[in-house]
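Raw coords-v9.txt, compact mmCIF, C-alpha atoms:
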# COMPACT_ATOMS: atom_id res chain seq x y z
CA MET A 19 -2.97 38.92 77.03
CA THR A 20 -5.71 36.95 78.77
CA LYS A 21 -5.78 34.70 81.81
CA PRO A 22 -5.31 30.98 81.11
CA PRO A 23 -8.20 28.54 81.52
CA THR A 24 -8.66 26.96 84.94
CA SER A 25 -9.20 23.36 86.04
CA ASP A 26 -10.01 21.42 89.20
CA VAL A 27 -7.55 18.64 88.35
CA ASP A 28 -5.36 17.95 91.40
CA LEU A 29 -1.94 16.80 90.18
CA PHE A 30 -1.22 15.20 93.55
CA ALA A 31 -4.51 13.35 94.11
CA ASP A 32 -3.98 9.60 94.46
CA ASP A 33 -5.83 8.66 91.28
CA VAL A 34 -3.96 11.24 89.17
CA LEU A 35 -0.58 10.16 90.55
CA LEU A 36 -1.39 6.52 89.79
CA ASP A 37 -2.51 7.22 86.22
CA PRO A 38 -2.17 10.84 85.10
CA PHE A 39 -2.62 10.45 81.35
CA GLN A 40 -6.37 11.00 81.10
CA ALA A 41 -6.11 14.15 83.20
CA TYR A 42 -3.22 15.34 81.04
CA ALA A 43 -5.24 14.81 77.85
CA GLU A 44 -8.03 16.99 79.25
CA LEU A 45 -5.61 19.72 80.31
CA ARG A 46 -3.85 19.71 76.92
CA GLU A 47 -7.21 20.22 75.24
CA GLN A 48 -7.98 23.20 77.50
CA GLY A 49 -4.80 24.99 76.48
CA PRO A 50 -1.00 25.03 76.54
CA VAL A 51 -1.13 26.53 80.03
CA VAL A 52 -3.89 25.84 82.57
CA HIS A 53 -4.27 27.24 86.08
CA LEU A 54 -4.92 24.40 88.54
CA ARG A 55 -6.98 25.91 91.36
CA LYS A 56 -6.45 23.06 93.82
CA ASN A 57 -2.67 23.17 93.53
CA ASP A 58 -2.42 26.91 92.78
CA VAL A 59 0.03 26.14 89.97
CA TYR A 60 0.17 27.01 86.29
CA ALA A 61 0.55 23.73 84.40
CA LEU A 62 2.36 23.64 81.05
CA THR A 63 0.66 20.90 79.08
CA ARG A 64 1.86 20.80 75.45
CA TYR A 65 5.16 19.61 74.02
CA ASP A 66 6.40 22.81 72.38
CA VAL A 67 5.60 25.02 75.34
CA ILE A 68 7.27 22.60 77.77
CA ARG A 69 10.45 22.28 75.75
CA GLY A 70 10.54 26.05 75.30
CA ALA A 71 10.13 26.68 79.02
CA LEU A 72 12.87 24.18 79.93
CA ALA A 73 15.27 26.03 77.62
CA ASP A 74 14.22 29.46 78.92
CA TRP A 75 15.79 29.62 82.39
CA GLU A 76 15.53 33.41 82.40
CA SER A 77 11.71 33.26 82.45
CA PHE A 78 11.34 29.93 84.28
CA SER A 79 13.70 29.78 87.25
CA SER A 80 14.63 26.56 89.06
CA ALA A 81 14.26 28.33 92.42
CA SER A 82 11.07 26.32 92.97
CA ILE A 83 11.49 22.91 91.40
CA ALA A 84 9.60 21.49 94.40
CA PHE A 85 5.97 22.26 95.20
CA ASN A 86 6.56 23.29 98.83
CA PRO A 87 8.74 26.09 100.21
CA THR A 88 10.60 23.95 102.77
CA ALA A 89 12.03 21.64 100.10
CA ASN A 90 12.91 24.57 97.85
CA GLU A 91 14.72 26.26 100.71
CA ALA A 92 16.64 23.06 101.51
CA LEU A 93 17.75 22.80 97.86
CA THR A 94 19.04 26.39 97.68
CA GLY A 95 22.64 26.42 96.50
CA THR A 96 22.48 23.09 94.64
CA SER A 97 22.78 22.92 90.86
CA LEU A 98 19.24 21.52 90.75
CA ALA A 99 17.76 24.71 92.18
CA SER A 100 20.17 27.31 90.72
CA ASP A 101 20.05 29.39 87.58
CA PRO A 102 22.97 30.53 85.44
CA PRO A 103 25.55 31.89 86.05
CA ALA A 104 25.82 30.18 89.49
CA HIS A 105 24.35 27.02 87.99
CA THR A 106 27.09 26.66 85.39
CA GLN A 107 29.90 25.87 87.83
CA LEU A 108 27.71 23.74 90.11
CA ARG A 109 26.57 21.69 87.13
CA ALA A 110 30.14 21.22 85.95
CA ALA A 111 31.11 19.98 89.42
CA LEU A 112 28.16 17.59 89.44
CA THR A 113 28.85 16.16 86.01
CA GLU A 114 32.66 16.03 86.30
CA ASN A 115 32.36 12.39 87.39
CA LEU A 116 28.92 11.61 86.01
CA SER A 117 28.99 12.64 82.36
CA PRO A 118 29.08 9.93 79.68
CA ARG A 119 32.70 10.94 79.19
CA ALA A 120 33.51 10.05 82.80
CA LEU A 121 31.45 6.87 82.71
CA ARG A 122 32.83 5.35 79.53
CA GLY A 123 34.99 2.88 81.45
CA LEU A 124 32.00 1.45 83.30
CA LYS A 125 30.01 0.16 80.35
CA GLY A 126 31.45 -3.36 80.34
CA ARG A 127 31.02 -3.82 84.09
CA ILE A 128 27.42 -2.60 84.01
CA GLU A 129 26.56 -4.87 81.08
CA THR A 130 28.06 -7.88 82.83
CA LYS A 131 26.12 -7.12 86.02
CA ALA A 132 22.84 -6.80 84.14
CA ASP A 133 23.40 -9.95 82.16
CA THR A 134 24.32 -12.01 85.23
CA LEU A 135 21.25 -10.81 87.09
CA VAL A 136 18.86 -11.38 84.17
CA ALA A 137 20.34 -14.85 83.52
CA GLU A 138 19.66 -15.80 87.16
CA LEU A 139 16.08 -14.57 86.96
CA VAL A 140 15.39 -16.39 83.71
CA GLU A 141 16.74 -19.53 85.33
CA ARG A 142 14.42 -19.01 88.32
CA GLY A 143 11.44 -18.73 85.99
CA SER A 144 9.23 -16.61 88.26
CA PHE A 145 10.15 -13.62 90.40
CA GLU A 146 8.97 -10.27 91.71
CA ALA A 147 10.56 -7.98 89.13
CA VAL A 148 10.68 -4.73 91.12
CA ASP A 149 12.70 -6.09 94.05
CA ALA A 150 14.68 -8.65 92.09
CA LEU A 151 15.64 -6.46 89.12
CA ALA A 152 14.33 -2.88 89.06
CA ARG A 153 15.63 -2.15 92.59
CA ALA A 154 18.47 -4.64 92.87
CA PHE A 155 20.34 -3.56 89.74
CA PRO A 156 20.51 0.27 90.07
CA LEU A 157 21.08 0.02 93.83
CA GLU A 158 24.10 -2.17 93.18
CA VAL A 159 25.37 0.01 90.32
CA VAL A 160 25.01 3.29 92.23
CA ALA A 161 26.37 1.85 95.49
CA ASP A 162 29.46 0.52 93.72
CA LEU A 163 29.86 3.71 91.70
CA ILE A 164 29.80 6.08 94.66
CA GLY A 165 31.48 3.60 96.96
CA PHE A 166 28.71 3.20 99.56
CA THR A 167 29.21 0.52 102.14
CA GLY A 168 27.46 -0.76 105.27
CA HIS A 169 24.35 0.96 106.62
CA VAL A 170 24.26 3.52 103.81
CA ARG A 171 23.78 0.77 101.29
CA ASP A 172 20.87 -0.52 103.34
CA ASN A 173 19.27 2.93 103.49
CA MET A 174 19.68 3.90 99.83
CA LEU A 175 16.20 2.84 98.74
CA ARG A 176 14.22 4.59 101.49
CA TRP A 177 16.45 7.67 101.39
CA GLY A 178 16.16 7.90 97.62
CA GLN A 179 12.38 7.50 97.70
CA ALA A 180 12.01 10.11 100.46
CA ALA A 181 14.18 12.64 98.60
CA MET A 182 11.67 12.50 95.73
CA GLN A 183 8.50 12.42 97.86
CA VAL A 184 9.37 15.67 99.66
CA LEU A 185 9.31 17.61 96.39
CA GLY A 186 5.50 17.42 96.39
CA PRO A 187 3.11 19.92 97.94
CA MET A 188 2.87 19.88 101.74
CA ASN A 189 0.57 16.84 101.87
CA GLN A 190 0.77 13.85 104.17
CA ARG A 191 3.28 12.02 101.96
CA THR A 192 5.62 15.00 102.03
CA ALA A 193 5.27 15.48 105.80
CA GLU A 194 5.95 11.79 106.51
CA ASN A 195 9.01 11.76 104.31
CA PHE A 196 10.78 14.89 105.52
CA PRO A 197 12.36 13.10 108.52
CA VAL A 198 13.67 10.34 106.23
CA ALA A 199 14.99 12.83 103.66
CA GLY A 200 16.59 14.58 106.64
CA GLU A 201 18.54 11.40 107.50
CA LEU A 202 19.98 11.41 104.00
CA TYR A 203 20.80 15.11 104.20
CA ALA A 204 22.49 14.70 107.59
CA TRP A 205 24.56 11.78 106.38
CA CYS A 206 25.65 13.65 103.24
CA SER A 207 26.58 16.70 105.31
CA ALA A 208 28.91 14.60 107.44
CA VAL A 209 30.31 12.13 104.88
CA ARG A 210 34.10 12.11 104.37
CA ALA A 211 36.28 10.52 101.72
CA ASP A 212 37.22 7.68 104.08
CA ASP A 213 33.57 6.64 104.36
CA LEU A 214 33.53 5.70 100.67
CA ALA A 215 35.24 2.76 99.00
CA GLU A 216 38.71 3.31 97.56
CA GLY A 217 38.79 3.94 93.82
CA SER A 218 35.08 4.86 93.71
CA VAL A 219 33.58 7.87 91.95
CA GLY A 220 32.53 9.12 95.40
CA ARG A 221 36.20 9.23 96.43
CA GLY A 222 36.94 11.00 93.15
CA ILE A 223 34.50 13.77 94.09
CA PHE A 224 36.37 14.37 97.35
CA GLU A 225 39.68 14.32 95.47
CA ALA A 226 38.28 16.91 93.05
CA GLU A 227 37.32 19.05 96.04
CA ALA A 228 40.79 18.65 97.58
CA ARG A 229 42.57 19.76 94.42
CA GLY A 230 40.21 22.70 93.94
CA ALA A 231 38.49 21.40 90.78
CA ILE A 232 35.13 21.90 92.52
CA PRO A 233 34.30 24.48 95.23
CA PRO A 234 35.01 23.67 98.92
CA ASP A 235 32.29 21.78 100.80
CA THR A 236 30.40 20.70 97.69
CA ALA A 237 31.36 17.00 97.67
CA GLY A 238 28.62 16.06 100.16
CA HIS A 239 26.00 18.01 98.18
CA ILE A 240 26.98 16.21 95.01
CA ILE A 241 26.73 12.81 96.65
CA HIS A 242 23.33 13.89 97.98
CA GLN A 243 22.19 14.60 94.43
CA TYR A 244 23.53 11.30 93.09
CA LEU A 245 21.53 9.46 95.72
CA GLY A 246 18.48 11.69 95.76
CA ALA A 247 18.03 11.82 92.01
CA GLY A 248 19.69 8.68 90.73
CA VAL A 249 18.03 5.87 92.61
CA ASP A 250 14.25 6.19 92.64
CA SER A 251 13.99 7.42 89.05
CA THR A 252 16.14 4.65 87.59
CA ILE A 253 14.28 2.03 89.60
CA ALA A 254 11.03 3.32 88.09
CA ALA A 255 12.44 3.22 84.57
CA ILE A 256 13.68 -0.36 84.86
CA GLY A 257 10.41 -1.57 86.39
CA ASN A 258 8.61 0.10 83.50
CA ILE A 259 10.82 -1.67 80.96
CA VAL A 260 9.86 -5.07 82.37
CA ALA A 261 6.16 -4.21 82.64
CA LEU A 262 5.90 -2.75 79.15
CA PHE A 263 7.73 -5.67 77.55
CA ALA A 264 5.42 -8.08 79.41
CA ARG A 265 2.36 -6.16 78.19
CA HIS A 266 3.65 -5.82 74.62
CA PRO A 267 5.31 -9.10 73.58
CA ASP A 268 5.27 -7.95 69.94
CA GLN A 269 7.46 -4.99 70.87
CA LEU A 270 9.92 -7.23 72.75
CA ALA A 271 10.02 -9.44 69.66
CA LEU A 272 11.01 -6.45 67.52
CA VAL A 273 13.97 -5.67 69.80
CA ARG A 274 14.93 -9.35 69.85
CA ALA A 275 14.98 -9.39 66.06
CA ASP A 276 16.95 -6.13 65.81
CA PRO A 277 19.20 -5.36 68.81
CA SER A 278 20.04 -1.96 67.33
CA LEU A 279 16.57 -0.94 68.60
CA VAL A 280 17.71 -1.04 72.24
CA PRO A 281 18.27 2.75 72.59
CA ALA A 282 15.02 3.45 70.70
CA ALA A 283 13.14 1.08 73.01
CA PHE A 284 14.45 2.92 76.07
CA ASN A 285 13.48 6.29 74.58
CA GLU A 286 9.98 4.95 74.02
CA VAL A 287 9.70 3.56 77.58
CA LEU A 288 10.68 7.00 78.90
CA ARG A 289 8.29 8.80 76.57
CA PHE A 290 5.40 6.48 77.35
CA TRP A 291 5.84 6.25 81.15
CA PRO A 292 8.25 8.91 82.40
CA PRO A 293 9.50 8.23 85.93
CA ILE A 294 8.86 11.90 86.72
CA ASN A 295 5.75 13.48 85.26
CA ALA A 296 5.64 16.94 86.83
CA TRP A 297 8.50 19.24 87.79
CA GLY A 298 8.45 22.75 89.21
CA ARG A 299 9.63 26.12 87.96
CA LEU A 300 9.08 29.70 89.12
CA ALA A 301 7.93 32.38 86.66
CA THR A 302 10.36 35.27 87.06
CA ARG A 303 8.19 37.70 85.07
CA ASP A 304 4.85 37.79 83.29
CA VAL A 305 5.34 35.20 80.54
CA ASP A 306 3.20 35.22 77.40
CA ILE A 307 2.30 31.71 76.26
CA ASP A 308 0.24 31.71 73.08
CA GLY A 309 -1.54 34.89 74.17
CA THR A 310 -2.22 33.87 77.77
CA VAL A 311 -0.16 35.07 80.71
CA VAL A 312 1.67 33.18 83.44
CA PRO A 313 2.05 35.89 86.09
CA ALA A 314 5.39 36.80 87.64
CA GLY A 315 6.00 34.84 90.84
CA ALA A 316 3.69 31.96 89.86
CA GLN A 317 4.54 28.37 90.70
CA VAL A 318 4.70 26.46 87.42
CA ALA A 319 4.24 22.70 86.94
CA VAL A 320 6.04 21.44 83.85
CA LEU A 321 4.05 18.36 82.82
CA LEU A 322 6.78 16.28 81.17
CA GLY A 323 4.47 13.29 80.95
CA SER A 324 1.82 15.34 79.18
CA GLY A 325 4.22 16.76 76.61
CA ASN A 326 5.35 13.21 75.87
CA ARG A 327 1.75 12.28 74.95
CA ASP A 328 0.98 15.42 72.94
CA PRO A 329 -0.55 14.38 69.58
CA ARG A 330 0.62 17.73 68.16
CA HIS A 331 4.14 16.33 68.40
CA TYR A 332 3.91 12.52 68.34
CA ASP A 333 1.65 10.52 66.04
CA ASP A 334 -0.55 8.02 67.87
CA PRO A 335 0.99 9.08 71.20
CA ASP A 336 -0.85 6.54 73.36
CA ALA A 337 0.69 3.60 71.51
CA PHE A 338 3.89 1.97 72.81
CA LEU A 339 6.09 1.49 69.73
CA VAL A 340 9.79 0.64 70.07
CA THR A 341 10.49 1.62 66.46
CA ARG A 342 9.30 5.20 67.06
CA ASN A 343 12.64 6.30 68.61
CA PRO A 344 11.45 9.56 70.19
CA VAL A 345 14.94 10.98 70.77
CA ASP A 346 13.46 14.34 71.78
CA HIS A 347 11.19 13.01 74.58
CA LEU A 348 10.93 15.15 77.70
CA ALA A 349 11.43 12.55 80.44
CA PHE A 350 14.97 13.79 81.18
CA GLY A 351 13.88 17.41 80.96
CA TYR A 352 15.87 19.48 78.50
CA GLY A 353 18.49 22.23 78.34
CA PRO A 354 20.75 23.54 81.11
CA HIS A 355 18.98 21.41 83.75
CA GLY A 356 18.54 18.32 81.58
CA CYS A 357 18.99 15.23 83.78
CA ALA A 358 22.65 15.15 84.81
CA GLY A 359 22.54 11.40 85.31
CA GLN A 360 21.00 10.48 81.98
CA GLY A 361 24.27 8.98 80.72
CA LEU A 362 24.32 6.56 83.65
CA ALA A 363 20.59 5.89 83.30
CA ARG A 364 21.12 4.97 79.64
CA LEU A 365 24.05 2.68 80.46
CA GLU A 366 21.93 0.85 83.04
CA ALA A 367 18.71 0.66 81.03
CA HIS A 368 20.38 -0.32 77.77
CA ALA A 369 22.20 -3.11 79.61
CA VAL A 370 18.91 -4.38 81.05
CA ILE A 371 17.07 -4.22 77.73
CA GLU A 372 19.94 -5.96 75.94
CA ALA A 373 20.03 -8.75 78.51
CA LEU A 374 16.25 -9.20 78.50
CA SER A 375 15.98 -9.19 74.73
CA ARG A 376 18.82 -11.70 74.42
CA ARG A 377 17.61 -14.11 77.10
CA VAL A 378 13.82 -13.75 77.21
CA GLY A 379 11.38 -14.86 74.54
CA ARG A 380 8.30 -13.72 76.40
CA LEU A 381 7.33 -12.61 79.92
CA VAL A 382 4.02 -13.51 81.54
CA ALA A 383 3.31 -11.01 84.31
CA GLY A 384 0.51 -10.58 86.83
CA PRO A 385 -1.06 -7.21 87.62
CA GLU A 386 1.21 -4.31 88.60
CA VAL A 387 0.82 -3.00 92.14
CA ARG A 388 1.17 0.77 92.36
CA VAL A 389 1.31 3.12 95.33
CA PRO A 390 0.74 6.86 94.80
CA SER A 391 3.89 8.91 95.17
CA ASN A 392 4.35 12.69 94.89
CA THR A 393 7.16 12.77 92.35
CA THR A 394 8.20 9.38 91.00
CA ARG A 395 5.62 7.24 89.25
CA SER A 396 6.86 3.70 89.66
CA ILE A 397 5.61 0.17 90.04
CA GLU A 398 5.71 -1.15 93.61
CA GLU A 399 5.36 -4.85 92.74
CA LEU A 400 5.35 -6.71 89.45
CA PRO A 401 4.98 -10.48 89.64
CA VAL A 402 6.59 -12.24 86.69
CA LEU A 403 4.77 -15.58 86.68
CA GLU A 404 6.56 -17.25 83.85
CA VAL A 405 9.56 -16.60 81.61
CA ILE A 406 9.57 -18.22 78.21
CA PRO A 407 13.32 -18.32 77.54
CA ALA A 408 14.75 -17.22 74.24
CA MET B 16 24.76 28.06 57.99
CA ARG B 17 27.12 27.39 60.85
CA ILE B 18 27.09 24.82 63.67
CA VAL B 19 27.83 26.50 67.00
CA LEU B 20 28.97 24.43 69.98
CA ASP B 21 28.70 25.75 73.54
CA ARG B 22 31.74 23.77 74.68
CA PRO B 23 31.38 24.20 78.49
CA ARG B 24 27.80 22.95 78.26
CA CYS B 25 28.65 19.82 76.24
CA GLU B 26 28.79 16.73 78.46
CA GLY B 27 29.50 14.21 75.74
CA HIS B 28 26.10 12.46 75.63
CA GLY B 29 26.84 11.70 71.98
CA LEU B 30 23.28 11.84 70.66
CA CYS B 31 24.37 14.46 68.10
CA GLU B 32 26.95 12.06 66.70
CA GLU B 33 24.25 9.44 66.22
CA ALA B 34 22.08 11.99 64.42
CA ALA B 35 24.82 13.43 62.19
CA PRO B 36 27.92 11.20 62.10
CA GLN B 37 29.03 12.91 58.88
CA LEU B 38 29.40 16.22 60.69
CA MET B 39 30.67 15.47 64.19
CA HIS B 40 32.13 12.78 66.41
CA LEU B 41 33.28 12.17 69.98
CA ASP B 42 37.05 11.72 70.15
CA ASP B 43 38.87 9.15 72.28
CA GLU B 44 38.52 11.43 75.30
CA GLY B 45 34.77 11.73 74.78
CA GLU B 46 35.09 15.38 73.64
CA LEU B 47 32.92 16.48 70.75
CA VAL B 48 34.74 17.38 67.54
CA LEU B 49 32.92 19.27 64.80
CA ASP B 50 34.32 17.84 61.57
CA ARG B 51 32.46 20.49 59.60
CA GLU B 52 31.14 23.78 60.88
CA GLU B 53 29.80 25.38 57.69
CA VAL B 54 26.82 23.42 56.37
CA ASP B 55 24.12 23.80 53.73
CA GLY B 56 21.40 21.76 52.02
CA ALA B 57 21.03 18.21 53.30
CA ASP B 58 23.89 18.78 55.75
CA ALA B 59 22.05 21.71 57.29
CA ALA B 60 19.06 19.43 57.92
CA LEU B 61 21.38 16.91 59.60
CA ALA B 62 22.97 19.68 61.68
CA ASN B 63 19.53 20.82 62.80
CA ALA B 64 18.66 17.24 63.76
CA ALA B 65 21.86 17.01 65.81
CA ALA B 66 21.14 20.31 67.56
CA ARG B 67 17.59 19.17 68.27
CA VAL B 68 18.62 15.97 70.07
CA CYS B 69 21.28 17.56 72.26
CA PRO B 70 19.76 16.95 75.72
CA VAL B 71 21.53 19.92 77.30
CA ALA B 72 21.06 22.42 74.44
CA ALA B 73 24.79 22.75 73.79
CA LEU B 74 24.49 22.85 69.99
CA ARG B 75 22.75 25.29 67.71
CA VAL B 76 22.72 26.07 64.01
CA ALA B 77 22.95 29.78 63.23

Mind converting the file's structure to structure tokens?
Amino acid sequence: MTKPPTSDVDLFADDVLLDPFQAYAELREQGPVVHLRKNDVYALTRYDVIRGALADWESFSSASIAFNPTANEALTGTSLASDPPAHTQLRAALTENLSPRALRGLKGRIETKADTLVAELVERGSFEAVDALARAFPLEVVADLIGFTGHVRDNMLRWGQAAMQVLGPMNQRTAENFPVAGELYAWCSAVRADDLAEGSVGRGIFEAEARGAIPPDTAGHIIHQYLGAGVDSTIAAIGNIVALFARHPDQLALVRADPSLVPAAFNEVLRFWPPINAWGRLATRDVDIDGTVVPAGAQVAVLLGSGNRDPRHYDDPDAFLVTRNPVDHLAFGYGPHGCAGQGLARLEAHAVIEALSRRVGRLVAGPEVRVPSNTTRSIEELPVLEVIPA
Amino acid sequence: MRIVLDRPRCEGHGLCEEAAPQLMHLDDEGELVLDREEVDGADAALANAAARVCPVAALRVA
């Protein structure tokens, strides 16, 4: 086995975070695994290798999903950072109230919320889509779901953003966000059933703890993961839906003509612009990847966003095509750690796409404003200047 | 060939049912039911497609 090629690409440089796809294309051409000197990580760049690594928890441990040791230490004992067998029970506790099975009853309510919000915005004619839709909708859905009230509701956005930022390397963004992520952690460590609205899923998690269905003292951790993982990523996905439909009116027209394309359109949004592009793993042993070695103990960066653009797997990967239906995209990860909230994300995004495609003929948008962020790639501001109603 | 379900891992995402409705479905409780476990020919291809789209790798064809 030989050493992998090396590169000076910095995954966490501002320009790469803002638009990583050119850098990914170069890395994919160098090889399926490339050592990034500036980050001291081994990047997995091609679709097959990424999917294989996500399935192979024995070689690629989740003990370092973050790119700094402080965040990894703080996550110890959560399902996110555990490997089987410990992971199996933690994951079951996390998904008990979050799996599509548990969420089936919510579909109608979520669809109504999305439709009401989109109808208002179409009526208004021009709006800032990130605040008015991409943030407003998932914040309301998640707050109602978990039963957040009062000051927690007001803090959800900054807490959720900080929880993602601190997964980066120890750069300025990470350092600035640790205190904010700490506020979230402290609140989740102290939260009690009474703090959450009656009848909410959050209350249900405490009830599950009380009857022994999940281990003692895990309810707060689970709520932490709902908030930490479920807010910023969904906001990014919904902002991306609006921006991509504005950029590609022909693709919106296809969904308008055939509403059965809604799930396919969401799969393509996630493939094309994943909310999370790079995620960490730890090599537990020397791993042979196509004849090159990832050494035991190495920090690995799984480039989900690169696998999603790999021409070895997807034809014409840089085109946004809602009829493609890439059901096997990597944006949710894959395997035992596949996104636990993807059922909820689908409910929310499908509701938004349905409402938009029913009520909007065309969107005229100004330029997207982006701010570099360590983990979540999302649009900060997206002015919709005009809505041509359906 | 045989479809093998890792039941504890299944979370009911239902993508397998969309890929192979002839072979499996979610029941009223959202639990996956394999209507056929032994498959061959065109059905084996469908079963492989269903296993491929399972987001949590709970299905395999052996």

What are the closest atom pairs, with distances in Å to one decimal, for each residue of chain B lying within 8 Å of chain A, using all atoms listed in the file, rows by chain and rising residue number, as a Markdown table?
| residue | atom | partner | partner_atom | distance |
| --- | --- | --- | --- | --- |
| B:Arg24 | CA | A:Pro354 | CA | 7.6 |
| B:Glu26 | CA | A:Ser117 | CA | 5.7 |
| B:Gly27 | CA | A:Arg119 | CA | 5.7 |
| B:His28 | CA | A:Pro118 | CA | 5.6 |
| B:Glu44 | CA | A:Arg119 | CA | 7.0 |
| B:Gly45 | CA | A:Arg119 | CA | 4.9 |
| B:Glu46 | CA | A:Arg119 | CA | 7.5 |
| B:Arg67 | CA | A:Asp346 | CA | 7.3 |
| B:Val68 | CA | A:Asp346 | CA | 5.7 |
| B:Pro70 | CA | A:Tyr352 | CA | 5.4 |
| B:Val71 | CA | A:Gly353 | CA | 4.0 |
| B:Ala72 | CA | A:Gly353 | CA | 4.7 |
| B:Ala73 | CA | A:Gly353 | CA | 7.8 |

Please produce a file of the residues just selected, as a CSV table (one decimal), in the frame of the given file, where the atoms kept are C-alpha atoms.
chain,number,residue,atom,x,y,z
B,24,ARG,CA,27.8,23.0,78.3
B,26,GLU,CA,28.8,16.7,78.5
B,27,GLY,CA,29.5,14.2,75.7
B,28,HIS,CA,26.1,12.5,75.6
B,44,GLU,CA,38.5,11.4,75.3
B,45,GLY,CA,34.8,11.7,74.8
B,46,GLU,CA,35.1,15.4,73.6
B,67,ARG,CA,17.6,19.2,68.3
B,68,VAL,CA,18.6,16.0,70.1
B,70,PRO,CA,19.8,17.0,75.7
B,71,VAL,CA,21.5,19.9,77.3
B,72,ALA,CA,21.1,22.4,74.4
B,73,ALA,CA,24.8,22.8,73.8

Practice problem: Would you list the contacts of Asn63 in chain B as a list in words, taking every protein, DNA or RNA residue within 10 Å and counting only C-alpha atoms, but skipping same-chain residues closer than 5 positions in sequence? | Solution: Ile18, Cys31, Ala34, Ala35, Ala57, Asp58, Val68, Leu74, Arg75, Val76 and Ala77 of chain B

Exercise. With only C-alpha atoms counted, which protein, DNA or RNA residues have an atom no more than 8 Å from (32.3, 18.6, 63.2) in the file frame? Please answer as JSON, numbers by chain.
Key: {"B": [37, 38, 39, 40, 47, 48, 49, 50, 51, 52]}

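Using only C-alpha atoms, the nearest neighbour of Gly238 in chain A within the list A:Leu202, A:Leu279, A:Ala161, A:Ile397 is A:Leu202.
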
Quiz item: From the set A:Ile371, A:Val273, A:Ala296, A:Leu339, which residue has the shortest atom-to-atom contact distance to Gly325 in chain A, counting only C-alpha atoms?
Solution: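 Smallest distance to Gly325 in chain A is found for A:Ala296.
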
Give me, as a PDB file with C-alpha atoms, in the frame of the given file, all polymer residues having an atom no more than 8 Å from Asp32 in chain A, counting all atoms listed in the file and skipping those fewer than 2 positions away in the same chain.
ATOM      1  CA  PHE A  30      -1.220  15.200  93.550  1.00  0.00           C
ATOM      2  CA  VAL A  34      -3.960  11.240  89.170  1.00  0.00           C
ATOM      3  CA  LEU A  35      -0.580  10.160  90.550  1.00  0.00           C
ATOM      4  CA  LEU A  36      -1.390   6.520  89.790  1.00  0.00           C
ATOM      5  CA  PRO A 390       0.740   6.860  94.800  1.00  0.00           C
ATOM      6  CA  SER A 391       3.890   8.910  95.170  1.00  0.00           C
TER       7      SER A 391
END

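Of the residues listed (A:Asp37, A:Ala89, A:Arg289, A:Gln179), A:Arg289 shows the shortest atom-to-atom separation from Tyr332 in chain A; distances use only C-alpha atoms.
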
Exercise. Go ahead and compute the interatomic distance for CA of Leu124 in chain A and CA of Ala282 in chain A, in Å to one decimal.
Key: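 CA of Ala282 in chain A lies at a distance of 21.2 Å from CA of Leu124 in chain A.
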
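Atom pair CA of Cys69 in chain B / CA of Val280 in chain A has a distance of 18.9 Å (rounded to one decimal).
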
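When all atoms listed in the file are used to measure the gap to Gly95 in chain A, the shortest distance among A:Pro156, A:Gly217, A:Pro233, A:Gly222 belongs to A:Pro233.
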
Complete the atoms of range 307-316 of chain A to N, CA and C atoms and put them out as an mmCIF file, keeping the file's coordinate frame.
data_model
loop_
_atom_site.group_PDB
_atom_site.id
_atom_site.type_symbol
_atom_site.label_atom_id
_atom_site.label_comp_id
_atom_site.auth_asym_id
_atom_site.auth_seq_id
_atom_site.Cartn_x
_atom_site.Cartn_y
_atom_site.Cartn_z
ATOM 1 N N ILE A 307 2.298 33.019 76.929
ATOM 2 C CA ILE A 307 2.300 31.710 76.260
ATOM 3 C C ILE A 307 1.078 31.661 75.356
ATOM 4 N N ASP A 308 1.309 31.728 74.076
ATOM 5 C CA ASP A 308 0.240 31.710 73.080
ATOM 6 C C ASP A 308 -0.895 32.677 73.451
ATOM 7 N N GLY A 309 -0.533 33.869 73.905
ATOM 8 C CA GLY A 309 -1.540 34.890 74.170
ATOM 9 C C GLY A 309 -2.136 34.867 75.569
ATOM 10 N N THR A 310 -1.767 33.849 76.379
ATOM 11 C CA THR A 310 -2.220 33.870 77.770
ATOM 12 C C THR A 310 -1.002 34.132 78.660
ATOM 13 N N VAL A 311 -1.272 34.629 79.883
ATOM 14 C CA VAL A 311 -0.160 35.070 80.710
ATOM 15 C C VAL A 311 0.012 34.156 81.928
ATOM 16 N N VAL A 312 1.282 33.793 82.171
ATOM 17 C CA VAL A 312 1.670 33.180 83.440
ATOM 18 C C VAL A 312 2.243 34.332 84.258
ATOM 19 N N PRO A 313 1.617 34.677 85.387
ATOM 20 C CA PRO A 313 2.050 35.890 86.090
ATOM 21 C C PRO A 313 3.393 35.715 86.811
ATOM 22 N N ALA A 314 4.120 36.805 86.907
ATOM 23 C CA ALA A 314 5.390 36.800 87.640
ATOM 24 C C ALA A 314 5.167 36.256 89.035
ATOM 25 N N GLY A 315 6.093 35.390 89.491
ATOM 26 C CA GLY A 315 6.000 34.840 90.840
ATOM 27 C C GLY A 315 5.172 33.568 90.929
ATOM 28 N N ALA A 316 4.545 33.152 89.816
ATOM 29 C CA ALA A 316 3.690 31.960 89.860
ATOM 30 C C ALA A 316 4.521 30.685 89.957
#
